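**Student:** Please see the structure below; I have some questions.
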Amino acid sequence: MYDELTEVDIRKMQEEIDYRMRVVRPKCIEDLKTARGFGDLSENYEYKAAKQELRRCDSRLRYLRRMINTAKVISVKSTEGVIELFDRVEIYYEEDDETETIQLMTTLRQDALSGVISKESPLGKALLGHKVGDRVEVRVSPEVNYFVVVKKITKGADDDSLPISSF
């Protein structure tokens, strides 16, 4: 399985890898060496914390490298009036009588609490390709679905304003 990512996603992940290798990991190793000098390792909290931080850093590096190695790089076309990746979409929830503005983004840069949703989410999948005025069925599961109406589309671009997600 692979993730569909853009060139900006790949570049941002590579920048994080470079930063972690140049700055974070050497600091973790230095902290570990310092903590090791504090004495008995079985009762040395600083040593355990430094070791845990180094493992966390290495785990993040493995994750980012795996994402880059298995990613399918996609390019985004822009068709006027059609919902695509990076667009801001104002939607109306029929059941709740509420309006919300969301932005469609790659999985790596989603932040649902800020209204940035993944194109892989049920809502993201359902909205892609629709136009203003369309009534769209969002299937969350075989038993759960709801409808939204597309009110407005504002075209977006793949800028690097949104950070990539941590774990």
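To be explicit about the labels: the chains of the structure tokens are called A, B, and onward in the order shown, and within each one the residues are counted from 1, while ligands get numbers from 1 in the order they are shown.
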Pick out the residues sitting within 10 Å of Ile17 in chain A, and hand them over as a PDB file with N, CA, C and O atoms, in the first residue's frame; count only C-alpha atoms, and ignore anything fewer than 2 positions along from it in its own chain.

**Tutor:**
```
ATOM      1  N   ARG A  11       9.053  16.922  -0.175  1.00  0.00           N
ATOM      2  CA  ARG A  11      10.083  17.901   0.174  1.00  0.00           C
ATOM      3  C   ARG A  11      10.041  18.220   1.665  1.00  0.00           C
ATOM      4  O   ARG A  11      11.075  18.268   2.334  1.00  0.00           O
ATOM      5  N   LYS A  12       8.848  18.395   2.222  1.00  0.00           N
ATOM      6  CA  LYS A  12       8.721  18.701   3.641  1.00  0.00           C
ATOM      7  C   LYS A  12       9.202  17.538   4.510  1.00  0.00           C
ATOM      8  O   LYS A  12       9.848  17.751   5.543  1.00  0.00           O
ATOM      9  N   MET A  13       8.925  16.311   4.094  1.00  0.00           N
ATOM     10  CA  MET A  13       9.404  15.155   4.845  1.00  0.00           C
ATOM     11  C   MET A  13      10.931  15.071   4.772  1.00  0.00           C
ATOM     12  O   MET A  13      11.576  14.785   5.778  1.00  0.00           O
ATOM     13  N   GLN A  14      11.501  15.331   3.607  1.00  0.00           N
ATOM     14  CA  GLN A  14      12.951  15.284   3.468  1.00  0.00           C
ATOM     15  C   GLN A  14      13.612  16.372   4.316  1.00  0.00           C
ATOM     16  O   GLN A  14      14.639  16.141   4.944  1.00  0.00           O
ATOM     17  N   GLU A  15      12.976  17.561   4.375  1.00  0.00           N
ATOM     18  CA  GLU A  15      13.492  18.635   5.225  1.00  0.00           C
ATOM     19  C   GLU A  15      13.478  18.224   6.695  1.00  0.00           C
ATOM     20  O   GLU A  15      14.415  18.501   7.436  1.00  0.00           O
ATOM     21  N   TYR A  19      16.705  17.822   9.147  1.00  0.00           N
ATOM     22  CA  TYR A  19      16.764  18.541  10.422  1.00  0.00           C
ATOM     23  C   TYR A  19      16.995  17.568  11.582  1.00  0.00           C
ATOM     24  O   TYR A  19      17.833  17.811  12.452  1.00  0.00           O
ATOM     25  N   ARG A  20      16.252  16.467  11.581  1.00  0.00           N
ATOM     26  CA  ARG A  20      16.406  15.490  12.662  1.00  0.00           C
ATOM     27  C   ARG A  20      17.803  14.869  12.665  1.00  0.00           C
ATOM     28  O   ARG A  20      18.374  14.623  13.725  1.00  0.00           O
ATOM     29  N   MET A  21      18.357  14.625  11.484  1.00  0.00           N
ATOM     30  CA  MET A  21      19.693  14.021  11.407  1.00  0.00           C
ATOM     31  C   MET A  21      20.787  15.024  11.808  1.00  0.00           C
ATOM     32  O   MET A  21      21.779  14.650  12.420  1.00  0.00           O
ATOM     33  N   ARG A  22      20.617  16.294  11.461  1.00  0.00           N
ATOM     34  CA  ARG A  22      21.622  17.317  11.760  1.00  0.00           C
ATOM     35  C   ARG A  22      21.519  17.869  13.173  1.00  0.00           C
ATOM     36  O   ARG A  22      22.537  18.164  13.803  1.00  0.00           O
ATOM     37  N   VAL A  23      20.300  18.022  13.699  1.00  0.00           N
ATOM     38  CA  VAL A  23      20.101  18.734  14.956  1.00  0.00           C
ATOM     39  C   VAL A  23      19.555  17.833  16.070  1.00  0.00           C
ATOM     40  O   VAL A  23      20.166  17.710  17.135  1.00  0.00           O
ATOM     41  N   VAL A  24      18.408  17.228  15.842  1.00  0.00           N
ATOM     42  CA  VAL A  24      17.697  16.521  16.904  1.00  0.00           C
ATOM     43  C   VAL A  24      18.447  15.266  17.355  1.00  0.00           C
ATOM     44  O   VAL A  24      18.672  15.074  18.557  1.00  0.00           O
ATOM     45  N   CYS A  57      12.911   9.731  18.222  1.00  0.00           N
ATOM     46  CA  CYS A  57      13.510  10.385  17.056  1.00  0.00           C
ATOM     47  C   CYS A  57      13.787   9.364  15.952  1.00  0.00           C
ATOM     48  O   CYS A  57      13.457   9.594  14.782  1.00  0.00           O
ATOM     49  N   ARG A  60      10.578   8.220  14.287  1.00  0.00           N
ATOM     50  CA  ARG A  60      10.062   9.231  13.355  1.00  0.00           C
ATOM     51  C   ARG A  60      10.868   9.216  12.052  1.00  0.00           C
ATOM     52  O   ARG A  60      10.301   9.327  10.967  1.00  0.00           O
ATOM     53  N   LEU A  61      12.171   9.067  12.153  1.00  0.00           N
ATOM     54  CA  LEU A  61      13.008   8.991  10.956  1.00  0.00           C
ATOM     55  C   LEU A  61      12.632   7.784  10.096  1.00  0.00           C
ATOM     56  O   LEU A  61      12.510   7.905   8.868  1.00  0.00           O
ATOM     57  N   ARG A  62      12.424   6.623  10.733  1.00  0.00           N
ATOM     58  CA  ARG A  62      12.015   5.433   9.987  1.00  0.00           C
ATOM     59  C   ARG A  62      10.668   5.650   9.305  1.00  0.00           C
ATOM     60  O   ARG A  62      10.478   5.273   8.139  1.00  0.00           O
ATOM     61  N   TYR A  63       9.741   6.257  10.028  1.00  0.00           N
ATOM     62  CA  TYR A  63       8.411   6.525   9.480  1.00  0.00           C
ATOM     63  C   TYR A  63       8.501   7.423   8.250  1.00  0.00           C
ATOM     64  O   TYR A  63       7.910   7.136   7.204  1.00  0.00           O
ATOM     65  N   LEU A  64       9.247   8.521   8.362  1.00  0.00           N
ATOM     66  CA  LEU A  64       9.366   9.455   7.241  1.00  0.00           C
ATOM     67  C   LEU A  64      10.040   8.802   6.033  1.00  0.00           C
ATOM     68  O   LEU A  64       9.599   8.982   4.900  1.00  0.00           O
ATOM     69  N   ARG A  65      11.087   8.057   6.263  1.00  0.00           N
ATOM     70  CA  ARG A  65      11.779   7.381   5.155  1.00  0.00           C
ATOM     71  C   ARG A  65      10.870   6.363   4.479  1.00  0.00           C
ATOM     72  O   ARG A  65      10.847   6.240   3.256  1.00  0.00           O
TER      73      ARG A  65
END
```

**Student:** Please provide as a list in words all residues within 8 Å of Asn44 in chain A, with the sequence filter that same-chain residues fewer than 5 positions apart are discarded (counting only C-alpha atoms).

**Tutor:**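 With the cut-off at 8 Å, the set is Ala35, Phe38 and Gly39 of chain A.
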
**Student:** Take the residues from that selection and write them out as a CSV table (one decimal), in the first residue's frame, keeping N, CA and C atoms.

**Tutor:**
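New file out.csv:
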```csv
chain,number,residue,atom,x,y,z
A,35,ALA,N,23.5,11.9,30.5
A,35,ALA,CA,22.7,11.2,31.5
A,35,ALA,C,23.4,9.9,32.0
A,38,PHE,N,25.5,10.1,35.0
A,38,PHE,CA,24.9,10.4,36.3
A,38,PHE,C,25.0,9.3,37.3
A,39,GLY,N,25.4,8.1,36.9
A,39,GLY,CA,25.6,7.0,37.8
A,39,GLY,C,24.7,5.8,37.5
```

**Student:** Using only C-alpha atoms, which residue out of A:Leu162, A:Val8, A:Val136, A:Ala112 lies closest to Ile83 in chain A?

**Tutor:** A:Val136

**Student:** Restricting the calculation to only C-alpha atoms: of A:Lys155, A:Asn145, A:Tyr47, A:Asp58, which residue gets closest to Pro26 in chain A?

**Tutor:**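 Nearest to Pro26 in chain A: A:Asp58.
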
**Student:** Excluding same-chain residues fewer than 4 positions from Arg139 in chain A, what lies within 12 Å of it counting only C-alpha atoms, as a PyMOL selection string?

**Tutor:** chain A and resi 121-127+143-148

**Student:** Keeping only N, CA, C and O atoms, write those residues as an mmCIF file, in the first residue's frame.

**Tutor:**
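Saved result, result.cif, follows:
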```cif
data_model
loop_
_atom_site.group_PDB
_atom_site.id
_atom_site.type_symbol
_atom_site.label_atom_id
_atom_site.label_comp_id
_atom_site.auth_asym_id
_atom_site.auth_seq_id
_atom_site.Cartn_x
_atom_site.Cartn_y
_atom_site.Cartn_z
ATOM 1 N N SER A 121 -10.501 10.705 3.623
ATOM 2 C CA SER A 121 -11.594 10.589 4.597
ATOM 3 C C SER A 121 -12.915 10.389 3.851
ATOM 4 O O SER A 121 -13.023 10.702 2.666
ATOM 5 N N PRO A 122 -13.935 9.873 4.534
ATOM 6 C CA PRO A 122 -15.228 9.693 3.857
ATOM 7 C C PRO A 122 -15.758 10.990 3.237
ATOM 8 O O PRO A 122 -16.230 10.983 2.097
ATOM 9 N N LEU A 123 -15.652 12.098 3.958
ATOM 10 C CA LEU A 123 -16.128 13.372 3.412
ATOM 11 C C LEU A 123 -15.265 13.817 2.242
ATOM 12 O O LEU A 123 -15.772 14.265 1.208
ATOM 13 N N GLY A 124 -13.952 13.696 2.382
ATOM 14 C CA GLY A 124 -13.043 14.091 1.306
ATOM 15 C C GLY A 124 -13.282 13.291 0.036
ATOM 16 O O GLY A 124 -13.367 13.858 -1.064
ATOM 17 N N LYS A 125 -13.391 11.973 0.179
ATOM 18 C CA LYS A 125 -13.644 11.115 -0.982
ATOM 19 C C LYS A 125 -14.958 11.487 -1.667
ATOM 20 O O LYS A 125 -15.051 11.517 -2.890
ATOM 21 N N ALA A 126 -15.983 11.745 -0.849
ATOM 22 C CA ALA A 126 -17.301 12.041 -1.401
ATOM 23 C C ALA A 126 -17.315 13.373 -2.150
ATOM 24 O O ALA A 126 -17.981 13.501 -3.178
ATOM 25 N N LEU A 127 -16.573 14.359 -1.665
ATOM 26 C CA LEU A 127 -16.620 15.694 -2.270
ATOM 27 C C LEU A 127 -15.819 15.819 -3.561
ATOM 28 O O LEU A 127 -16.191 16.606 -4.441
ATOM 29 N N GLU A 143 -23.709 1.333 7.442
ATOM 30 C CA GLU A 143 -24.911 1.695 8.201
ATOM 31 C C GLU A 143 -25.072 3.204 8.390
ATOM 32 O O GLU A 143 -26.159 3.670 8.711
ATOM 33 N N VAL A 144 -23.998 3.968 8.231
ATOM 34 C CA VAL A 144 -24.039 5.390 8.556
ATOM 35 C C VAL A 144 -23.714 6.216 7.313
ATOM 36 O O VAL A 144 -22.694 6.006 6.665
ATOM 37 N N ASN A 145 -24.610 7.135 6.993
ATOM 38 C CA ASN A 145 -24.374 8.070 5.905
ATOM 39 C C ASN A 145 -25.110 9.374 6.196
ATOM 40 O O ASN A 145 -26.004 9.429 7.046
ATOM 41 N N TYR A 146 -24.702 10.420 5.516
ATOM 42 C CA TYR A 146 -25.366 11.718 5.645
ATOM 43 C C TYR A 146 -25.166 12.485 4.345
ATOM 44 O O TYR A 146 -24.387 12.087 3.480
ATOM 45 N N PHE A 147 -25.890 13.581 4.208
ATOM 46 C CA PHE A 147 -25.820 14.380 2.984
ATOM 47 C C PHE A 147 -25.302 15.774 3.285
ATOM 48 O O PHE A 147 -25.604 16.346 4.336
ATOM 49 N N VAL A 148 -24.516 16.293 2.356
ATOM 50 C CA VAL A 148 -24.071 17.682 2.409
ATOM 51 C C VAL A 148 -24.338 18.318 1.050
ATOM 52 O O VAL A 148 -24.427 17.624 0.037
#
```

**Student:** Counting only C-alpha atoms, what is within 7 Å of range 1-7 of chain A, bar same-chain residues fewer than 2 positions away, as a PyMOL selection string?

**Tutor:** chain A and resi 9-11+70-75+106

**Student:** Would you mind exporting all heavy atoms of the selected residues as a PDB file, in the first residue's frame?

**Tutor:**
```pdb
ATOM      1  N   ASP A   9       4.805  17.571  -0.190  1.00  0.00           N
ATOM      2  CA  ASP A   9       4.819  16.642   0.946  1.00  0.00           C
ATOM      3  C   ASP A   9       6.177  15.948   1.051  1.00  0.00           C
ATOM      4  O   ASP A   9       6.755  15.871   2.134  1.00  0.00           O
ATOM      5  CB  ASP A   9       3.734  15.564   0.787  1.00  0.00           C
ATOM      6  CG  ASP A   9       2.324  16.105   0.907  1.00  0.00           C
ATOM      7  OD1 ASP A   9       2.133  17.122   1.595  1.00  0.00           O
ATOM      8  OD2 ASP A   9       1.408  15.498   0.316  1.00  0.00           O
ATOM      9  N   ILE A  10       6.661  15.453  -0.070  1.00  0.00           N
ATOM     10  CA  ILE A  10       7.950  14.752  -0.093  1.00  0.00           C
ATOM     11  C   ILE A  10       9.066  15.695   0.343  1.00  0.00           C
ATOM     12  O   ILE A  10       9.920  15.334   1.163  1.00  0.00           O
ATOM     13  CB  ILE A  10       8.241  14.181  -1.502  1.00  0.00           C
ATOM     14  CG1 ILE A  10       7.152  13.207  -1.948  1.00  0.00           C
ATOM     15  CG2 ILE A  10       9.629  13.560  -1.552  1.00  0.00           C
ATOM     16  CD1 ILE A  10       7.095  11.907  -1.191  1.00  0.00           C
ATOM     17  N   ARG A  11       9.053  16.922  -0.175  1.00  0.00           N
ATOM     18  CA  ARG A  11      10.083  17.901   0.174  1.00  0.00           C
ATOM     19  C   ARG A  11      10.041  18.220   1.665  1.00  0.00           C
ATOM     20  O   ARG A  11      11.075  18.268   2.334  1.00  0.00           O
ATOM     21  CB  ARG A  11       9.928  19.188  -0.641  1.00  0.00           C
ATOM     22  CG  ARG A  11      10.994  20.231  -0.341  1.00  0.00           C
ATOM     23  CD  ARG A  11      10.921  21.443  -1.247  1.00  0.00           C
ATOM     24  NE  ARG A  11       9.596  21.978  -1.481  1.00  0.00           N
ATOM     25  CZ  ARG A  11       8.941  22.774  -0.634  1.00  0.00           C
ATOM     26  NH1 ARG A  11       9.484  23.105   0.509  1.00  0.00           N
ATOM     27  NH2 ARG A  11       7.747  23.239  -0.949  1.00  0.00           N
ATOM     28  N   THR A  70       7.627   4.633  -0.151  1.00  0.00           N
ATOM     29  CA  THR A  70       6.425   3.949  -0.623  1.00  0.00           C
ATOM     30  C   THR A  70       5.390   4.902  -1.218  1.00  0.00           C
ATOM     31  O   THR A  70       4.334   4.457  -1.648  1.00  0.00           O
ATOM     32  CB  THR A  70       5.765   3.150   0.526  1.00  0.00           C
ATOM     33  OG1 THR A  70       5.367   4.063   1.555  1.00  0.00           O
ATOM     34  CG2 THR A  70       6.701   2.096   1.073  1.00  0.00           C
ATOM     35  N   ALA A  71       5.694   6.187  -1.268  1.00  0.00           N
ATOM     36  CA  ALA A  71       4.711   7.165  -1.736  1.00  0.00           C
ATOM     37  C   ALA A  71       4.544   7.119  -3.249  1.00  0.00           C
ATOM     38  O   ALA A  71       5.475   6.843  -3.995  1.00  0.00           O
ATOM     39  CB  ALA A  71       5.149   8.566  -1.332  1.00  0.00           C
ATOM     40  N   LYS A  72       3.337   7.392  -3.653  1.00  0.00           N
ATOM     41  CA  LYS A  72       3.049   7.612  -5.065  1.00  0.00           C
ATOM     42  C   LYS A  72       2.908   9.123  -5.207  1.00  0.00           C
ATOM     43  O   LYS A  72       2.029   9.735  -4.588  1.00  0.00           O
ATOM     44  CB  LYS A  72       1.749   6.911  -5.462  1.00  0.00           C
ATOM     45  CG  LYS A  72       1.353   7.183  -6.893  1.00  0.00           C
ATOM     46  CD  LYS A  72       0.046   6.514  -7.244  1.00  0.00           C
ATOM     47  CE  LYS A  72      -0.364   6.880  -8.652  1.00  0.00           C
ATOM     48  NZ  LYS A  72      -1.713   6.391  -8.962  1.00  0.00           N
ATOM     49  N   VAL A  73       3.784   9.730  -5.990  1.00  0.00           N
ATOM     50  CA  VAL A  73       3.766  11.180  -6.150  1.00  0.00           C
ATOM     51  C   VAL A  73       2.681  11.542  -7.159  1.00  0.00           C
ATOM     52  O   VAL A  73       2.642  11.015  -8.273  1.00  0.00           O
ATOM     53  CB  VAL A  73       5.140  11.719  -6.617  1.00  0.00           C
ATOM     54  CG1 VAL A  73       5.099  13.221  -6.784  1.00  0.00           C
ATOM     55  CG2 VAL A  73       6.218  11.328  -5.611  1.00  0.00           C
ATOM     56  N   ILE A  74       1.809  12.434  -6.724  1.00  0.00           N
ATOM     57  CA  ILE A  74       0.699  12.848  -7.585  1.00  0.00           C
ATOM     58  C   ILE A  74       0.860  14.319  -7.948  1.00  0.00           C
ATOM     59  O   ILE A  74       1.452  15.094  -7.215  1.00  0.00           O
ATOM     60  CB  ILE A  74      -0.671  12.630  -6.907  1.00  0.00           C
ATOM     61  CG1 ILE A  74      -0.762  13.394  -5.579  1.00  0.00           C
ATOM     62  CG2 ILE A  74      -0.939  11.153  -6.709  1.00  0.00           C
ATOM     63  CD1 ILE A  74      -2.142  13.386  -4.941  1.00  0.00           C
ATOM     64  N   SER A  75       0.332  14.671  -9.098  1.00  0.00           N
ATOM     65  CA  SER A  75       0.271  16.079  -9.476  1.00  0.00           C
ATOM     66  C   SER A  75      -1.203  16.460  -9.484  1.00  0.00           C
ATOM     67  O   SER A  75      -2.073  15.620  -9.711  1.00  0.00           O
ATOM     68  CB  SER A  75       0.899  16.309 -10.844  1.00  0.00           C
ATOM     69  OG  SER A  75       0.247  15.524 -11.812  1.00  0.00           O
ATOM     70  N   THR A 106      -3.771  16.367   1.435  1.00  0.00           N
ATOM     71  CA  THR A 106      -3.258  15.000   1.470  1.00  0.00           C
ATOM     72  C   THR A 106      -3.307  14.501   2.917  1.00  0.00           C
ATOM     73  O   THR A 106      -3.362  15.285   3.856  1.00  0.00           O
ATOM     74  CB  THR A 106      -1.811  14.932   0.955  1.00  0.00           C
ATOM     75  OG1 THR A 106      -0.995  15.790   1.739  1.00  0.00           O
ATOM     76  CG2 THR A 106      -1.728  15.311  -0.508  1.00  0.00           C
TER      77      THR A 106
END
```

**Student:** With distances taken over only C-alpha atoms, which of A:Cys28, A:Gly115, A:Asp134, A:Asn69 is nearest to Ala49 in chain A?

**Tutor:**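 Of A:Cys28, A:Gly115, A:Asp134, A:Asn69, the one nearest Ala49 in chain A is A:Cys28, counting only C-alpha atoms.
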
**Student:** Quote the spacing between CA of Ser165 in chain A and CA of Glu98 in chain A in Å to one decimal place.

**Tutor:**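 Result for CA of Ser165 in chain A versus CA of Glu98 in chain A: 27.9 Å, one decimal.
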
**Student:** I'd like the contact shell of Val150 in chain A - 12 Å cut-off, only C-alpha atoms, skipping same-chain residues fewer than 3 positions apart - returned as a PyMOL selection string.

**Tutor:** chain A and resi 81-83+88-94+99-102+123+126-137+147+153-154

**Student:** Could you pull out the helix (DSSP H, G or I) residues of range 112-165 of chain A, going by DSSP on the backbone, and write them as a list in words?

**Tutor:**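 Checking each residue of range 112-165 of chain A, the helix (DSSP H, G or I) ones are Ala112, Leu113, Ser114, Pro122, Leu123, Gly124, Lys125, Ala126 and Leu127 of chain A.
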
**Student:** Please determine, counting only C-alpha atoms, which residue among A:Val140, A:Gln110, A:Val149, A:Ile164 has the shortest atom-to-atom distance to Phe86 in chain A.

**Tutor:**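 Using only C-alpha atoms, the shortest distance to Phe86 in chain A belongs to A:Gln110.
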